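J.: Have a look at this one.
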Amino acid sequence: DGGITQSPKYLFRKEGQNVTLSCEQNLNHDAMYWYRQDPGQGLRLIYYSQIVNDFQKGDIAEGYSVSREKKESFPLTVTSAQKNPTAFYLCASSINIAGGYEQYFGPGTRLTVT
Amino acid sequence: SQQGEEDPQALSIQEGENATMNCSYKTSINNLQWYRQNSGRGLVHLILIRSNEREKHSGRLRVTLDTSKKSSSLLITASRAADTASYFCATPLSGSARQLTFGSGTQLTVLP
């Protein structure tokens, strides 16, 4: 059963704490992505990785960090420096199909920081 | 760096009716994609249309692309309550085909 898993589905943290969101894929895709989605809005790219041990900042990388030590895994750490971390976080991977990179998404993690 | 923008922001129709949503983008692209998101879930890829295609079908979905107007439309025919979701268009970032930029989406509600 191939796909992308994110855990946990809901996460609650106190302000000032770092928190790591998990993302695992068994699709054998090279590229992986982290997005943030706020209510009623589209997706904003936080970080993406085209290959193991390589990643690039997206539009809103401040206050976040990532690692890509294995092809299957791309965890996201939300640090205490992120001013407004409460949001829905989506992980994705992509593959080139018919001339375009189609993205496959996980079910998301809803993070609430109080 | 938002590229695509959907219109309308929200659409409410009766079951059985057709739903049309539009996407406009700013720069030249080599493909445009549509995704669906059910409430509280991840996005699901619906269809990809290349810049040399004008129309593409997939089941009850019909997508058109007009590169001269930098616009695309998604038509869902004979809608069902299960089609209730947000629909996003996505285009590759200029200079980085693996990155997509997503619009803010159209929230479609299909009333039974």
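Chain identifiers are assigned as A, B, and so on, following the order in which chains appear in the structure tokens; residues are numbered from 1 within each chain, and ligands are numbered from 1 in order of appearance.
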Give me, as number ranges by chain, the contact residues of chain B against chain A at a cut-off of 12 Å, counting only C-alpha atoms.
T.: B: 1-6, 9-10, 29-53, 85-93, 96-107
J.: Need the shell around Lys71 of chain A: protein/DNA/RNA residues with any atom at most 9 Å away, counting only C-alpha atoms. Skip same-chain ones fewer than 6 positions apart. Format as a PyMOL selection string?
T.: chain A and resi 24-26+28-32+51-53
J.: So that I can check the secondary structure, give me every residue of segment 4-103 of chain A assigned strand (DSSP E or B) by backbone DSSP, as number ranges by chain.
T.: A: 4-7, 10-13, 19-25, 31-37, 43-51, 54-57, 64-66, 70, 73, 76-78, 87-97, 100-103
J.: Which is closest to Tyr35 of chain A among A:Asn18, A:Ala87, A:Asp54, A:Thr114, if we use only C-alpha atoms?
T.: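 Distance minimum relative to Tyr35 of chain A lands on A:Ala87.
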J.: With only C-alpha atoms as the counted atoms, please give the residues lying no more than 6 Å from segment 75-83 of chain A, apart from itself and same-chain residues fewer than 3 positions off, as a PyMOL selection string.
T.: chain A and resi 16-23+63-66
J.: If you keep all heavy atoms, can you produce a file of those selected residues as a PDB file, in the first residue's frame?
T.:
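Final file, out.pdb:
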ATOM      1  N   GLY A  16       6.950  28.268  22.800  1.00  0.00           N
ATOM      2  CA  GLY A  16       8.340  28.198  23.234  1.00  0.00           C
ATOM      3  C   GLY A  16       8.968  26.825  23.074  1.00  0.00           C
ATOM      4  O   GLY A  16      10.175  26.675  23.251  1.00  0.00           O
ATOM      5  N   GLN A  17       8.153  25.828  22.743  1.00  0.00           N
ATOM      6  CA  GLN A  17       8.676  24.478  22.551  1.00  0.00           C
ATOM      7  C   GLN A  17       8.879  24.200  21.071  1.00  0.00           C
ATOM      8  O   GLN A  17       8.058  24.598  20.239  1.00  0.00           O
ATOM      9  CB  GLN A  17       7.692  23.440  23.110  1.00  0.00           C
ATOM     10  CG  GLN A  17       7.536  23.460  24.609  1.00  0.00           C
ATOM     11  CD  GLN A  17       6.516  22.425  25.083  1.00  0.00           C
ATOM     12  OE1 GLN A  17       5.628  22.019  24.340  1.00  0.00           O
ATOM     13  NE2 GLN A  17       6.656  21.997  26.336  1.00  0.00           N
ATOM     14  N   ASN A  18       9.960  23.502  20.754  1.00  0.00           N
ATOM     15  CA  ASN A  18      10.132  23.005  19.388  1.00  0.00           C
ATOM     16  C   ASN A  18       9.276  21.747  19.221  1.00  0.00           C
ATOM     17  O   ASN A  18       9.049  20.996  20.191  1.00  0.00           O
ATOM     18  CB  ASN A  18      11.589  22.646  19.122  1.00  0.00           C
ATOM     19  CG  ASN A  18      12.488  23.862  19.065  1.00  0.00           C
ATOM     20  OD1 ASN A  18      12.025  24.996  19.154  1.00  0.00           O
ATOM     21  ND2 ASN A  18      13.776  23.626  18.940  1.00  0.00           N
ATOM     22  N   VAL A  19       8.833  21.505  18.001  1.00  0.00           N
ATOM     23  CA  VAL A  19       8.050  20.300  17.740  1.00  0.00           C
ATOM     24  C   VAL A  19       8.415  19.770  16.356  1.00  0.00           C
ATOM     25  O   VAL A  19       8.634  20.542  15.425  1.00  0.00           O
ATOM     26  CB  VAL A  19       6.543  20.592  17.853  1.00  0.00           C
ATOM     27  CG1 VAL A  19       6.089  21.652  16.857  1.00  0.00           C
ATOM     28  CG2 VAL A  19       5.722  19.327  17.678  1.00  0.00           C
ATOM     29  N   THR A  20       8.506  18.445  16.233  1.00  0.00           N
ATOM     30  CA  THR A  20       8.868  17.825  14.957  1.00  0.00           C
ATOM     31  C   THR A  20       7.695  17.052  14.388  1.00  0.00           C
ATOM     32  O   THR A  20       7.098  16.209  15.065  1.00  0.00           O
ATOM     33  CB  THR A  20      10.080  16.897  15.130  1.00  0.00           C
ATOM     34  OG1 THR A  20      11.196  17.686  15.559  1.00  0.00           O
ATOM     35  CG2 THR A  20      10.431  16.225  13.807  1.00  0.00           C
ATOM     36  N   LEU A  21       7.392  17.350  13.131  1.00  0.00           N
ATOM     37  CA  LEU A  21       6.324  16.668  12.418  1.00  0.00           C
ATOM     38  C   LEU A  21       6.949  15.625  11.500  1.00  0.00           C
ATOM     39  O   LEU A  21       7.922  15.913  10.779  1.00  0.00           O
ATOM     40  CB  LEU A  21       5.521  17.672  11.585  1.00  0.00           C
ATOM     41  CG  LEU A  21       4.479  18.537  12.289  1.00  0.00           C
ATOM     42  CD1 LEU A  21       5.111  19.401  13.386  1.00  0.00           C
ATOM     43  CD2 LEU A  21       3.758  19.417  11.289  1.00  0.00           C
ATOM     44  N   SER A  22       6.357  14.449  11.518  1.00  0.00           N
ATOM     45  CA  SER A  22       6.910  13.334  10.753  1.00  0.00           C
ATOM     46  C   SER A  22       6.267  13.237   9.373  1.00  0.00           C
ATOM     47  O   SER A  22       5.070  13.486   9.197  1.00  0.00           O
ATOM     48  CB  SER A  22       6.659  12.038  11.526  1.00  0.00           C
ATOM     49  OG  SER A  22       6.882  10.913  10.704  1.00  0.00           O
ATOM     50  N   CYS A  23       7.077  12.859   8.371  1.00  0.00           N
ATOM     51  CA  CYS A  23       6.578  12.596   7.031  1.00  0.00           C
ATOM     52  C   CYS A  23       7.392  11.441   6.442  1.00  0.00           C
ATOM     53  O   CYS A  23       8.624  11.535   6.363  1.00  0.00           O
ATOM     54  CB  CYS A  23       6.694  13.816   6.130  1.00  0.00           C
ATOM     55  SG  CYS A  23       6.164  13.494   4.424  1.00  0.00           S
ATOM     56  N   GLY A  63      11.862  30.136  10.899  1.00  0.00           N
ATOM     57  CA  GLY A  63      11.252  29.501  12.054  1.00  0.00           C
ATOM     58  C   GLY A  63      11.039  28.004  11.883  1.00  0.00           C
ATOM     59  O   GLY A  63      10.502  27.353  12.777  1.00  0.00           O
ATOM     60  N   TYR A  64      11.449  27.467  10.746  1.00  0.00           N
ATOM     61  CA  TYR A  64      11.318  26.037  10.461  1.00  0.00           C
ATOM     62  C   TYR A  64      12.683  25.455  10.093  1.00  0.00           C
ATOM     63  O   TYR A  64      13.551  26.173   9.613  1.00  0.00           O
ATOM     64  CB  TYR A  64      10.369  25.792   9.281  1.00  0.00           C
ATOM     65  CG  TYR A  64       8.960  26.277   9.471  1.00  0.00           C
ATOM     66  CD1 TYR A  64       8.568  27.518   8.954  1.00  0.00           C
ATOM     67  CD2 TYR A  64       8.013  25.515  10.147  1.00  0.00           C
ATOM     68  CE1 TYR A  64       7.274  27.975   9.110  1.00  0.00           C
ATOM     69  CE2 TYR A  64       6.708  25.967  10.301  1.00  0.00           C
ATOM     70  CZ  TYR A  64       6.343  27.196   9.781  1.00  0.00           C
ATOM     71  OH  TYR A  64       5.053  27.645   9.938  1.00  0.00           O
ATOM     72  N   SER A  65      12.846  24.146  10.323  1.00  0.00           N
ATOM     73  CA  SER A  65      14.033  23.457   9.839  1.00  0.00           C
ATOM     74  C   SER A  65      13.641  22.057   9.386  1.00  0.00           C
ATOM     75  O   SER A  65      12.623  21.510   9.820  1.00  0.00           O
ATOM     76  CB  SER A  65      15.130  23.391  10.926  1.00  0.00           C
ATOM     77  OG  SER A  65      14.691  22.572  11.996  1.00  0.00           O
ATOM     78  N   VAL A  66      14.451  21.491   8.489  1.00  0.00           N
ATOM     79  CA  VAL A  66      14.183  20.158   7.961  1.00  0.00           C
ATOM     80  C   VAL A  66      15.484  19.373   7.879  1.00  0.00           C
ATOM     81  O   VAL A  66      16.576  19.927   7.989  1.00  0.00           O
ATOM     82  CB  VAL A  66      13.541  20.202   6.553  1.00  0.00           C
ATOM     83  CG1 VAL A  66      12.146  20.801   6.589  1.00  0.00           C
ATOM     84  CG2 VAL A  66      14.439  20.950   5.565  1.00  0.00           C
TER      85      VAL A  66
END
J.: Counting only C-alpha atoms, what is within 9 Å of Ala81 of chain B, bar same-chain residues fewer than 5 positions away, as a PyMOL selection string?
T.: chain B and resi 14-15+109-112
J.: Smallest atom-to-atom distance to Gln6 of chain A: which of A:Ala61, A:Tyr47, A:Glu72, A:Gln56, using only C-alpha atoms?
T.: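 Smallest separation from Gln6 of chain A among the options: A:Glu72.
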J.: What's the separation between atom CA of Thr27 of chain B and atom CA of Glu55 of chain B, in Å to one decimal place?
T.: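 Atom CA of Glu55 of chain B lies at a distance of 19.6 Å from atom CA of Thr27 of chain B.
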